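Below is final-v9.csv, holding CSV, C-alpha atoms and all ligand atoms.
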```csv
chain,number,residue,atom,x,y,z
A,18,MET,CA,-0.9,-47.0,-7.8
A,19,ASP,CA,-3.5,-45.9,-5.4
A,20,ILE,CA,-2.5,-43.6,-2.6
A,21,ARG,CA,-2.9,-45.3,0.8
A,22,TYR,CA,-2.2,-44.6,4.4
A,23,ASP,CA,-1.8,-48.1,5.8
A,24,GLY,CA,0.2,-47.9,9.1
A,25,ARG,CA,-0.2,-44.2,9.3
A,26,VAL,CA,-1.8,-42.4,12.3
A,27,ALA,CA,-3.8,-39.3,11.5
A,28,ILE,CA,-5.6,-36.7,13.6
A,29,VAL,CA,-8.4,-34.7,12.0
A,30,THR,CA,-9.6,-31.8,14.3
A,31,GLY,CA,-13.2,-30.8,14.0
A,32,ALA,CA,-14.0,-34.1,12.3
A,33,GLY,CA,-17.5,-34.5,13.7
A,34,THR,CA,-19.2,-32.8,10.7
A,35,GLY,CA,-18.5,-31.1,7.4
A,36,LEU,CA,-15.1,-31.1,5.9
A,37,GLY,CA,-13.3,-32.8,8.8
A,38,ARG,CA,-15.7,-35.7,8.7
A,39,SER,CA,-15.1,-36.1,5.0
A,40,HIS,CA,-11.3,-36.1,5.5
A,41,ALA,CA,-11.5,-38.6,8.4
A,42,LEU,CA,-13.7,-41.0,6.5
A,43,PHE,CA,-11.5,-40.9,3.5
A,44,LEU,CA,-8.2,-41.4,5.3
A,45,ALA,CA,-9.7,-44.3,7.3
A,46,ALA,CA,-11.1,-45.9,4.2
A,47,ARG,CA,-7.6,-45.8,2.7
A,48,GLY,CA,-6.0,-47.5,5.7
A,49,ALA,CA,-5.1,-44.8,8.2
A,50,LYS,CA,-5.9,-45.1,11.9
A,51,VAL,CA,-7.7,-41.9,12.7
A,52,VAL,CA,-8.3,-39.8,15.8
A,53,VAL,CA,-11.6,-38.1,15.2
A,54,ASN,CA,-11.5,-35.0,17.3
A,55,ASP,CA,-14.5,-32.8,17.8
A,56,LEU,CA,-15.8,-30.6,20.6
A,57,GLY,CA,-19.3,-31.1,19.3
A,58,GLY,CA,-20.4,-27.5,19.8
A,59,ALA,CA,-22.4,-25.1,17.7
A,60,VAL,CA,-21.1,-23.1,14.7
A,61,ASP,CA,-20.1,-20.3,17.1
A,62,GLY,CA,-18.1,-22.7,19.2
A,63,ARG,CA,-20.5,-22.7,22.1
A,64,GLY,CA,-21.7,-25.9,23.8
A,65,GLY,CA,-20.3,-29.4,23.3
A,66,SER,CA,-21.2,-33.0,22.9
A,67,ALA,CA,-19.5,-36.4,22.3
A,68,LYS,CA,-22.1,-37.2,19.7
A,69,ALA,CA,-20.4,-35.6,16.6
A,70,ALA,CA,-17.1,-37.4,17.0
A,71,ASP,CA,-18.7,-40.7,18.2
A,72,THR,CA,-21.0,-40.8,15.1
A,73,VAL,CA,-18.0,-40.5,12.7
A,74,VAL,CA,-16.0,-43.1,14.6
A,75,ALA,CA,-19.0,-45.5,14.4
A,76,GLU,CA,-19.3,-44.8,10.6
A,77,ILE,CA,-15.6,-45.5,10.1
A,78,LYS,CA,-15.8,-48.7,12.2
A,79,ALA,CA,-18.9,-49.8,10.3
A,80,ALA,CA,-17.0,-49.5,7.1
A,81,GLY,CA,-14.2,-51.7,8.5
A,82,GLY,CA,-11.8,-48.9,9.4
A,83,GLU,CA,-10.0,-48.0,12.6
A,84,ALA,CA,-10.7,-44.8,14.6
A,85,VAL,CA,-11.0,-43.4,18.1
A,86,ALA,CA,-12.9,-40.3,19.3
A,87,ASN,CA,-11.5,-37.4,21.1
A,88,TYR,CA,-13.7,-34.5,22.4
A,89,ASP,CA,-11.0,-32.0,23.6
A,90,SER,CA,-11.0,-28.4,22.4
A,91,VAL,CA,-8.1,-27.3,20.1
A,92,ASP,CA,-8.2,-23.9,21.6
A,93,GLN,CA,-6.1,-24.4,24.8
A,94,PRO,CA,-2.5,-25.8,25.0
A,95,ASP,CA,-3.4,-28.6,27.4
A,96,SER,CA,-6.5,-29.8,25.7
A,97,ALA,CA,-4.8,-29.6,22.3
A,98,ALA,CA,-1.9,-31.7,23.8
A,99,ALA,CA,-4.5,-34.2,25.0
A,100,ILE,CA,-5.7,-34.7,21.3
A,101,ILE,CA,-2.1,-35.6,20.3
A,102,ALA,CA,-1.8,-37.8,23.4
A,103,THR,CA,-4.9,-39.7,22.3
A,104,ALA,CA,-3.1,-40.7,19.0
A,105,ILE,CA,0.1,-41.6,20.9
A,106,ASP,CA,-1.7,-43.6,23.6
A,107,GLN,CA,-4.0,-45.4,21.2
A,108,TYR,CA,-1.8,-45.9,18.1
A,109,GLY,CA,1.7,-45.2,19.3
A,110,THR,CA,2.5,-42.1,17.1
A,111,ILE,CA,1.3,-39.3,14.9
A,112,ASP,CA,2.1,-39.1,11.2
A,113,ILE,CA,-0.7,-36.8,9.8
A,114,LEU,CA,-2.3,-33.8,11.4
A,115,ILE,CA,-5.2,-32.1,9.6
A,116,ASN,CA,-6.0,-28.8,11.5
A,117,ASN,CA,-9.6,-28.3,10.4
A,118,ALA,CA,-11.6,-27.3,13.5
A,119,GLY,CA,-13.2,-23.9,13.2
A,120,ILE,CA,-16.0,-21.6,14.4
A,121,LEU,CA,-17.6,-18.4,13.2
A,122,ARG,CA,-18.6,-15.2,15.1
A,123,ASP,CA,-19.5,-13.0,12.2
A,124,LYS,CA,-20.1,-9.3,12.9
A,125,THR,CA,-18.9,-6.1,11.2
A,126,PHE,CA,-15.8,-4.7,12.7
A,127,ALA,CA,-17.9,-1.8,14.2
A,128,LYS,CA,-20.0,-4.3,16.1
A,129,VAL,CA,-17.7,-7.3,16.9
A,130,THR,CA,-16.7,-7.6,20.5
A,131,MET,CA,-13.1,-8.2,21.3
A,132,GLU,CA,-14.2,-11.4,23.1
A,133,ASP,CA,-15.6,-12.8,19.8
A,134,PHE,CA,-12.6,-11.6,17.9
A,135,GLU,CA,-10.2,-13.4,20.2
A,136,ALA,CA,-12.4,-16.6,20.4
A,137,VAL,CA,-12.1,-16.9,16.6
A,138,MET,CA,-8.4,-16.2,16.6
A,139,ARG,CA,-8.0,-18.8,19.4
A,140,VAL,CA,-9.8,-21.6,17.7
A,141,HIS,CA,-8.4,-21.2,14.1
A,142,LEU,CA,-4.9,-19.8,14.7
A,143,MET,CA,-4.0,-20.9,18.2
A,144,GLY,CA,-5.9,-24.2,17.9
A,145,SER,CA,-3.7,-25.0,14.9
A,146,VAL,CA,-0.6,-23.8,16.6
A,147,TYR,CA,-1.3,-25.7,19.8
A,148,CYS,CA,-2.0,-29.0,18.0
A,149,THR,CA,0.9,-28.6,15.7
A,150,HIS,CA,3.2,-27.7,18.5
A,151,ALA,CA,2.3,-30.9,20.4
A,152,ALA,CA,2.7,-33.1,17.3
A,153,TRP,CA,5.9,-31.4,16.0
A,154,PRO,CA,8.5,-33.1,18.3
A,155,VAL,CA,7.1,-36.5,17.5
A,156,MET,CA,7.1,-35.9,13.8
A,157,ALA,CA,10.6,-34.4,13.9
A,158,GLU,CA,11.9,-37.5,15.9
A,159,ASN,CA,10.2,-39.8,13.4
A,160,GLY,CA,11.6,-38.0,10.4
A,161,TYR,CA,8.1,-38.0,9.0
A,162,GLY,CA,5.1,-35.8,9.2
A,163,ARG,CA,2.4,-34.3,7.1
A,164,VAL,CA,0.5,-31.2,8.4
A,165,VAL,CA,-2.4,-29.4,6.8
A,166,LEU,CA,-3.8,-26.1,7.8
A,167,THR,CA,-7.2,-24.8,6.8
A,168,THR,CA,-7.3,-21.2,5.5
A,169,SER,CA,-10.2,-19.5,3.7
A,170,ALA,CA,-10.9,-17.2,0.7
A,171,ALA,CA,-12.2,-14.8,3.4
A,172,GLY,CA,-8.7,-14.5,4.7
A,173,LEU,CA,-6.9,-14.7,1.4
A,174,TYR,CA,-9.2,-12.1,-0.4
A,175,GLY,CA,-11.6,-10.6,2.2
A,176,ASN,CA,-15.2,-11.0,3.2
A,177,PHE,CA,-17.6,-8.5,4.7
A,178,GLY,CA,-18.3,-9.1,8.4
A,179,GLN,CA,-15.4,-11.5,8.9
A,180,THR,CA,-12.5,-9.4,10.2
A,181,ASN,CA,-11.8,-11.9,13.0
A,182,TYR,CA,-12.1,-15.0,10.8
A,183,ALA,CA,-10.1,-13.4,7.9
A,184,ALA,CA,-7.3,-12.3,10.3
A,185,ALA,CA,-7.1,-15.8,11.8
A,186,LYS,CA,-7.2,-17.6,8.5
A,187,LEU,CA,-4.4,-15.5,6.9
A,188,ALA,CA,-2.3,-15.8,10.0
A,189,LEU,CA,-2.2,-19.5,9.3
A,190,VAL,CA,-0.5,-18.8,6.0
A,191,GLY,CA,2.2,-16.9,7.8
A,192,PHE,CA,2.5,-19.7,10.3
A,193,MET,CA,3.0,-22.2,7.4
A,194,ASN,CA,5.5,-20.0,5.5
A,195,ALA,CA,7.9,-20.1,8.4
A,196,LEU,CA,7.1,-23.6,9.6
A,197,LYS,CA,7.7,-25.2,6.2
A,198,LEU,CA,11.4,-24.1,6.5
A,199,GLU,CA,11.8,-25.6,9.9
A,200,GLY,CA,10.1,-28.9,9.0
A,201,GLN,CA,11.9,-29.7,5.7
A,202,LYS,CA,15.1,-31.2,7.2
A,203,ASN,CA,13.0,-33.8,9.1
A,204,ASN,CA,10.6,-34.5,6.2
A,205,VAL,CA,7.8,-32.8,8.0
A,206,LEU,CA,5.8,-31.0,5.3
A,207,VAL,CA,3.2,-28.3,5.9
A,208,ASN,CA,0.6,-27.2,3.4
A,209,THR,CA,-2.7,-25.4,3.5
A,210,ILE,CA,-6.1,-26.0,2.0
A,211,ALA,CA,-8.5,-23.2,1.1
A,212,PRO,CA,-11.8,-25.1,0.9
A,213,ILE,CA,-15.2,-24.2,-0.6
A,214,ALA,CA,-17.9,-26.5,0.6
A,215,LYS,CA,-21.5,-26.7,1.7
A,216,THR,CA,-21.4,-27.4,5.4
A,217,ARG,CA,-23.5,-26.2,8.4
A,218,MET,CA,-20.9,-23.3,8.5
A,219,THR,CA,-21.7,-22.0,5.0
A,220,GLU,CA,-25.2,-23.3,4.1
A,221,SER,CA,-26.9,-20.1,5.0
A,222,LEU,CA,-24.3,-18.0,3.2
A,223,MET,CA,-24.5,-19.5,-0.2
A,224,PRO,CA,-27.3,-19.7,-2.8
A,225,ASP,CA,-28.8,-23.2,-3.0
A,226,ASP,CA,-28.3,-23.6,-6.7
A,227,PHE,CA,-24.5,-23.0,-6.2
A,228,SER,CA,-24.1,-24.8,-2.9
A,229,LYS,CA,-25.6,-28.1,-4.2
A,230,HIS,CA,-22.3,-28.5,-6.2
A,231,LEU,CA,-20.1,-28.0,-3.1
A,232,ASP,CA,-19.9,-31.4,-1.6
A,233,PRO,CA,-17.1,-31.5,1.1
A,234,GLU,CA,-16.0,-34.8,-0.5
A,235,LEU,CA,-14.7,-32.7,-3.5
A,236,VAL,CA,-12.3,-30.9,-1.2
A,237,THR,CA,-10.9,-34.0,0.5
A,238,PRO,CA,-8.9,-35.4,-2.5
A,239,ALA,CA,-6.7,-32.3,-2.3
A,240,VAL,CA,-6.1,-32.7,1.4
A,241,ALA,CA,-5.6,-36.4,0.9
A,242,TRP,CA,-2.9,-35.7,-1.7
A,243,LEU,CA,-1.1,-33.2,0.5
A,244,VAL,CA,-0.8,-35.8,3.4
A,245,ALA,CA,0.3,-38.6,1.1
A,246,GLU,CA,3.8,-40.0,1.6
A,247,GLU,CA,4.6,-39.5,-2.0
A,248,CYS,CA,3.6,-35.8,-1.9
A,249,GLN,CA,6.8,-33.8,-1.5
A,250,ARG,CA,5.2,-30.3,-1.7
A,251,THR,CA,5.6,-28.0,1.3
A,252,GLY,CA,4.3,-24.4,1.7
A,253,ASP,CA,1.6,-24.8,-0.9
A,254,ILE,CA,-1.9,-23.4,-0.6
A,255,ILE,CA,-4.6,-25.2,-2.6
A,256,SER,CA,-8.0,-23.7,-3.3
A,257,ALA,CA,-10.5,-26.5,-3.7
A,258,GLY,CA,-14.3,-26.9,-4.1
A,259,ALA,CA,-16.9,-28.4,-6.4
A,260,GLY,CA,-14.2,-30.1,-8.5
A,261,TYR,CA,-12.1,-26.9,-8.8
A,262,TYR,CA,-8.4,-27.2,-7.7
A,263,ALA,CA,-5.9,-24.3,-8.0
A,264,LEU,CA,-2.6,-23.3,-6.4
A,265,VAL,CA,-2.7,-20.0,-4.5
A,266,LYS,CA,0.5,-17.8,-4.4
A,267,VAL,CA,1.4,-14.6,-2.6
A,268,GLU,CA,3.4,-12.7,-5.2
A,269,GLU,CA,5.2,-9.4,-5.4
A,270,ALA,CA,5.3,-7.1,-8.4
A,271,LYS,CA,8.5,-6.6,-10.3
A,272,GLY,CA,8.8,-3.3,-8.6
A,273,VAL,CA,10.7,-0.1,-9.5
A,274,ALA,CA,14.0,1.5,-8.3
A,275,LEU,CA,13.5,5.1,-7.2
A,276,GLY,CA,15.8,7.8,-6.0
A,277,ASP,CA,19.1,6.5,-7.2
A,278,GLY,CA,20.7,7.3,-3.8
A,279,GLU,CA,18.8,10.6,-3.5
A,280,PRO,CA,15.8,11.1,-1.1
A,281,VAL,CA,12.6,9.5,-2.3
A,282,THR,CA,9.4,11.6,-1.9
A,283,PRO,CA,5.8,10.6,-1.6
A,284,GLU,CA,5.2,12.5,-4.9
A,285,MET,CA,7.6,10.0,-6.6
A,286,ILE,CA,5.6,7.1,-5.2
A,287,ARG,CA,2.4,8.8,-6.5
A,288,ASP,CA,3.9,9.4,-9.9
A,289,ASN,CA,5.3,5.8,-10.2
A,290,TYR,CA,2.3,4.0,-8.7
A,291,ASP,CA,1.2,2.3,-11.9
A,292,ALA,CA,4.7,0.7,-12.2
A,293,ILE,CA,4.8,-0.1,-8.5
A,294,ALA,CA,1.5,-1.9,-8.8
A,295,ASP,CA,2.1,-3.6,-12.1
A,296,MET,CA,1.7,-7.3,-11.4
A,297,SER,CA,2.3,-8.5,-15.0
A,298,ALA,CA,5.9,-9.7,-14.1
A,299,ALA,CA,5.1,-10.6,-10.4
A,300,THR,CA,7.1,-13.4,-8.7
A,301,PRO,CA,6.5,-15.5,-5.6
A,302,PHE,CA,9.3,-16.1,-3.1
A,303,LEU,CA,10.1,-19.3,-1.2
A,304,HIS,CA,11.8,-17.5,1.6
A,305,ALA,CA,12.0,-13.9,2.9
A,306,ASN,CA,15.7,-13.8,2.0
A,307,ASP,CA,14.7,-14.3,-1.7
A,308,LEU,CA,13.0,-10.9,-1.5
A,309,LEU,CA,16.2,-9.3,-0.1
A,310,ALA,CA,18.2,-10.9,-3.0
A,311,LYS,CA,15.7,-9.4,-5.5
A,312,VAL,CA,15.9,-5.9,-4.0
A,313,GLY,CA,19.7,-6.1,-3.9
A,314,LYS,CA,19.8,-7.1,-7.5
A,315,LEU,CA,17.3,-4.4,-8.7
A,316,LEU,CA,19.1,-1.6,-6.8
A,317,ASP,CA,22.6,-3.1,-7.4
A,318,ILE,CA,23.4,-3.0,-3.6
B,1,LIG,P1,-18.3,-27.2,10.4
B,1,LIG,O1,-18.9,-26.3,11.3
B,1,LIG,O2,-19.2,-28.2,9.7
B,1,LIG,O3,-17.2,-28.1,11.0
B,1,LIG,C1,-16.3,-27.5,12.0
B,1,LIG,C2,-16.1,-28.5,13.1
B,1,LIG,O4,-15.1,-28.0,14.0
B,1,LIG,C3,-17.3,-28.8,13.9
B,1,LIG,O5,-17.6,-30.2,13.9
B,1,LIG,C4,-17.0,-28.2,15.3
B,1,LIG,O6,-17.7,-28.9,16.3
B,1,LIG,C5,-15.5,-28.4,15.3
B,1,LIG,N1,-14.9,-27.5,16.3
B,1,LIG,C6,-15.2,-26.1,16.5
B,1,LIG,N2,-14.4,-25.6,17.5
B,1,LIG,C7,-13.7,-26.7,17.9
B,1,LIG,C8,-12.7,-26.8,18.9
B,1,LIG,N3,-12.4,-25.7,19.7
B,1,LIG,N4,-12.1,-28.0,19.1
B,1,LIG,C9,-12.4,-29.0,18.4
B,1,LIG,N5,-13.4,-29.0,17.4
B,1,LIG,C10,-14.0,-27.8,17.2
B,1,LIG,O7,-17.6,-26.3,9.3
B,1,LIG,P2,-16.7,-26.7,8.0
B,1,LIG,O8,-17.2,-25.9,6.9
B,1,LIG,O9,-16.6,-28.2,7.8
B,1,LIG,O10,-15.3,-26.1,8.4
B,1,LIG,C11,-14.1,-26.8,8.5
B,1,LIG,C12,-12.9,-25.9,8.3
B,1,LIG,O11,-12.9,-25.4,7.0
B,1,LIG,C13,-13.0,-24.7,9.2
B,1,LIG,O12,-11.7,-24.4,9.7
B,1,LIG,C14,-13.5,-23.6,8.3
B,1,LIG,O13,-13.2,-22.3,8.8
B,1,LIG,C15,-12.9,-24.0,7.0
B,1,LIG,N6,-13.5,-23.4,5.8
B,1,LIG,C16,-14.7,-23.9,5.4
B,1,LIG,C17,-15.2,-23.4,4.2
B,1,LIG,C18,-16.4,-23.9,3.7
B,1,LIG,O14,-16.8,-23.4,2.5
B,1,LIG,N7,-17.2,-24.8,4.3
B,1,LIG,C19,-14.5,-22.2,3.5
B,1,LIG,C20,-13.3,-21.9,4.0
B,1,LIG,C21,-12.8,-22.5,5.2
```

Please express what this file holds, its structure, as structure tokens.
Amino acid sequence: MDIRYDGRVAIVTGAGTGLGRSHALFLAARGAKVVVNDLGGAVDGRGGSAKAADTVVAEIKAAGGEAVANYDSVDQPDSAAAIIATAIDQYGTIDILINNAGILRDKTFAKVTMEDFEAVMRVHLMGSVYCTHAAWPVMAENGYGRVVLTTSAAGLYGNFGQTNYAAAKLALVGFMNALKLEGQKNNVLVNTIAPIAKTRMTESLMPDDFSKHLDPELVTPAVAWLVAEECQRTGDIISAGAGYYALVKVEEAKGVALGDGEPVTPEMIRDNYDAIADMSAATPFLHANDLLAKVGKLLDI
């Protein structure tokens, strides 16, 4: 049976262009009522205009869907709360929150100003936190919620000139790891997408012959699955682009037990480094306590 969102209310932040636009159009086409949020600024987050969000709302309506525009910034608690309030005021509730809005202020760490570092942290990390915080009590009360965060390969694996962006993007994974545990009892599930797509944000960074395969519409099905009612996953990261879909996991090596109760020296770490770093029997953990259980078992303590 097709996945549909009839009766569901969704917010997509940064939905005026690129990936967010694609997510919003898809959810609306499958029956969701959508709040199309976008500040309408430049890639660096400066400026603003109603046009981006209005254009997507008009597209949705022209296709017979239901949507409302919102132009507030995700990056302040009050304006983020106003985005959630738009969903409540217009459609009575919030079921799906896709935290997608983002900016870039790329510079090497030697050159980046702390203002630009904090601006990027504020939009990606705090913007997602503020929006999710405002939606959370409604979802908990409803006993239903689907939240998606948007990370990046730059944060998961690194990218030159993006310390601010990488820090913000991986911080979202930590946010999810703890939040998934708090949402589970109320059926509020939290997952993360790591997209690869040709958008205005990336078009100058990728070679044309590669980027022509990176339609944002090829990322949206993974997001659309994660916000579906029948999807019971929580705490997953899915890497998606160009028709490629893969689960991403943080894993810890099998590890070694050193010292046997005696002092452990840095020389012992050096001499055992190959075994410490041997990822061939690595495992993921669902909870920080699972790591403690593993250490306890390995060391028999
Ligand atoms: P984009 O620049 O086309 O879209 C981002 C949208 O967010 C814009 O419409 C912008 O106006 C909006 N926005 C920015 N700051 C905002 C704020 N404070 N409040 C509300 N809206 C705001 O870029 P793209 O590529 O569609 O990016 C979407 C998300 O995907 C971002 O979080 C980005 O970091 C992430 N991403 C994209 C990748 C790609 O390959 N395109 C790779 C990895 C992550």

CA of Met193 in chain A to CA of Ile28 in chain A, distance in Å rounded to a single decimal: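 Atom-to-atom, CA of Met193 in chain A and CA of Ile28 in chain A are spaced 18.0 Å apart.
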
Which residues form the shell of 8 Å around ligand LIG 1 (chain B) when you count all atoms listed in the file, given as a ChimeraX atom specification? /A:30-38,54-62,65,69-70,88-92,116-121,140-141,144,167-171,182,186,211-219,231,233,258

Can I get the selection written as a short mmCIF file (atom, residue, chain, number, x, y, z; two decimals), keeping the file's coordinate frame, with C-alpha atoms?
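That gives us result.cif:
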```cif
data_model
loop_
_atom_site.label_atom_id
_atom_site.label_comp_id
_atom_site.auth_asym_id
_atom_site.auth_seq_id
_atom_site.Cartn_x
_atom_site.Cartn_y
_atom_site.Cartn_z
CA THR A 30 -9.60 -31.80 14.30
CA GLY A 31 -13.20 -30.80 14.00
CA ALA A 32 -14.00 -34.10 12.30
CA GLY A 33 -17.50 -34.50 13.70
CA THR A 34 -19.20 -32.80 10.70
CA GLY A 35 -18.50 -31.10 7.40
CA LEU A 36 -15.10 -31.10 5.90
CA GLY A 37 -13.30 -32.80 8.80
CA ARG A 38 -15.70 -35.70 8.70
CA ASN A 54 -11.50 -35.00 17.30
CA ASP A 55 -14.50 -32.80 17.80
CA LEU A 56 -15.80 -30.60 20.60
CA GLY A 57 -19.30 -31.10 19.30
CA GLY A 58 -20.40 -27.50 19.80
CA ALA A 59 -22.40 -25.10 17.70
CA VAL A 60 -21.10 -23.10 14.70
CA ASP A 61 -20.10 -20.30 17.10
CA GLY A 62 -18.10 -22.70 19.20
CA GLY A 65 -20.30 -29.40 23.30
CA ALA A 69 -20.40 -35.60 16.60
CA ALA A 70 -17.10 -37.40 17.00
CA TYR A 88 -13.70 -34.50 22.40
CA ASP A 89 -11.00 -32.00 23.60
CA SER A 90 -11.00 -28.40 22.40
CA VAL A 91 -8.10 -27.30 20.10
CA ASP A 92 -8.20 -23.90 21.60
CA ASN A 116 -6.00 -28.80 11.50
CA ASN A 117 -9.60 -28.30 10.40
CA ALA A 118 -11.60 -27.30 13.50
CA GLY A 119 -13.20 -23.90 13.20
CA ILE A 120 -16.00 -21.60 14.40
CA LEU A 121 -17.60 -18.40 13.20
CA VAL A 140 -9.80 -21.60 17.70
CA HIS A 141 -8.40 -21.20 14.10
CA GLY A 144 -5.90 -24.20 17.90
CA THR A 167 -7.20 -24.80 6.80
CA THR A 168 -7.30 -21.20 5.50
CA SER A 169 -10.20 -19.50 3.70
CA ALA A 170 -10.90 -17.20 0.70
CA ALA A 171 -12.20 -14.80 3.40
CA TYR A 182 -12.10 -15.00 10.80
CA LYS A 186 -7.20 -17.60 8.50
CA ALA A 211 -8.50 -23.20 1.10
CA PRO A 212 -11.80 -25.10 0.90
CA ILE A 213 -15.20 -24.20 -0.60
CA ALA A 214 -17.90 -26.50 0.60
CA LYS A 215 -21.50 -26.70 1.70
CA THR A 216 -21.40 -27.40 5.40
CA ARG A 217 -23.50 -26.20 8.40
CA MET A 218 -20.90 -23.30 8.50
CA THR A 219 -21.70 -22.00 5.00
CA LEU A 231 -20.10 -28.00 -3.10
CA PRO A 233 -17.10 -31.50 1.10
CA GLY A 258 -14.30 -26.90 -4.10
#
```

Excluding range 122-137 of chain A and its own-chain neighbours fewer than 6 positions away, which residues fall within 6 Å of it when counting only C-alpha atoms? Please give them as a VMD selection string. chain A and resid 61 178 to 179 181

Near Val267 in chain A, within 9 Å and counting only C-alpha atoms, which residues show up once chain neighbours fewer than 3 positions away are dropped, as a ChimeraX atom specification? /A:300-302

Show which residues sit within 8 Å of Leu264 in chain A, as an MDAnalysis selection string. Count all atoms listed in the file, and ignore same-chain residues fewer than 5 positions away. chainID A and resid 253:256

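We find CA of Gly260 in chain A and CA of Tyr22 in chain A to be spaced 22.8 Å apart.
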
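If you measure from each of A:Ile20, A:Val265, A:Leu303, A:Leu275 to Lys197 in chain A using only C-alpha atoms, the closest one turns out to be A:Leu303.
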
I'd like the neighbourhood of Trp242 in chain A as a list in words, where a residue qualifies if any of its atoms comes within 10 Å (using all atoms listed in the file), though same-chain residues fewer than 6 positions away should be ignored.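 That gives Ile20, Arg21, Cys248, Gln249 and Arg250 of chain A.
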
Could you turn the residues from that selection into a file that holds C-alpha atoms, as an mmCIF file, in the coordinates of the input?
```
data_model
loop_
_atom_site.group_PDB
_atom_site.id
_atom_site.type_symbol
_atom_site.label_atom_id
_atom_site.label_comp_id
_atom_site.auth_asym_id
_atom_site.auth_seq_id
_atom_site.Cartn_x
_atom_site.Cartn_y
_atom_site.Cartn_z
ATOM 1 C CA ILE A 20 -2.500 -43.600 -2.600
ATOM 2 C CA ARG A 21 -2.900 -45.300 0.800
ATOM 3 C CA CYS A 248 3.600 -35.800 -1.900
ATOM 4 C CA GLN A 249 6.800 -33.800 -1.500
ATOM 5 C CA ARG A 250 5.200 -30.300 -1.700
#
```

Just checking: using all atoms listed in the file, which residue out of A:Leu187, A:Leu222, A:Ala257, A:Ala298 ends up closest to Ile210 in chain A?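 Counting all atoms listed in the file, the residue closest to Ile210 in chain A is A:Ala257.
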
Pick out the closest residue to Thr209 in chain A from this set: A:Ile115, A:Leu166, A:Met138, A:Ser39. Count all atoms listed in the file.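 Ranking A:Ile115, A:Leu166, A:Met138, A:Ser39 by distance to Thr209 in chain A, first place goes to A:Leu166.
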
Using all atoms listed in the file, find the one residue out of A:Ile101, A:Ala84, A:Leu315, A:Val165 that sits nearest to Val240 in chain A.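 With all atoms listed in the file as the atom set, the closest residue is A:Val165.
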
Which distance in Å separates CA of Asn289 in chain A and CA of Asp307 in chain A, to one decimal? 23.8 Å

One residue among A:Ala305, A:Val281, A:Cys148, A:Leu235 is nearest to Glu268 in chain A when using only C-alpha atoms, and that residue is A:Ala305

Residues near Gly82 in chain A, cut-off 9 Å, all atoms listed in the file, skip fewer than 2 positions along chain, as a VMD selection string: chain A and resid 42 45 to 51 74 76 to 80 84
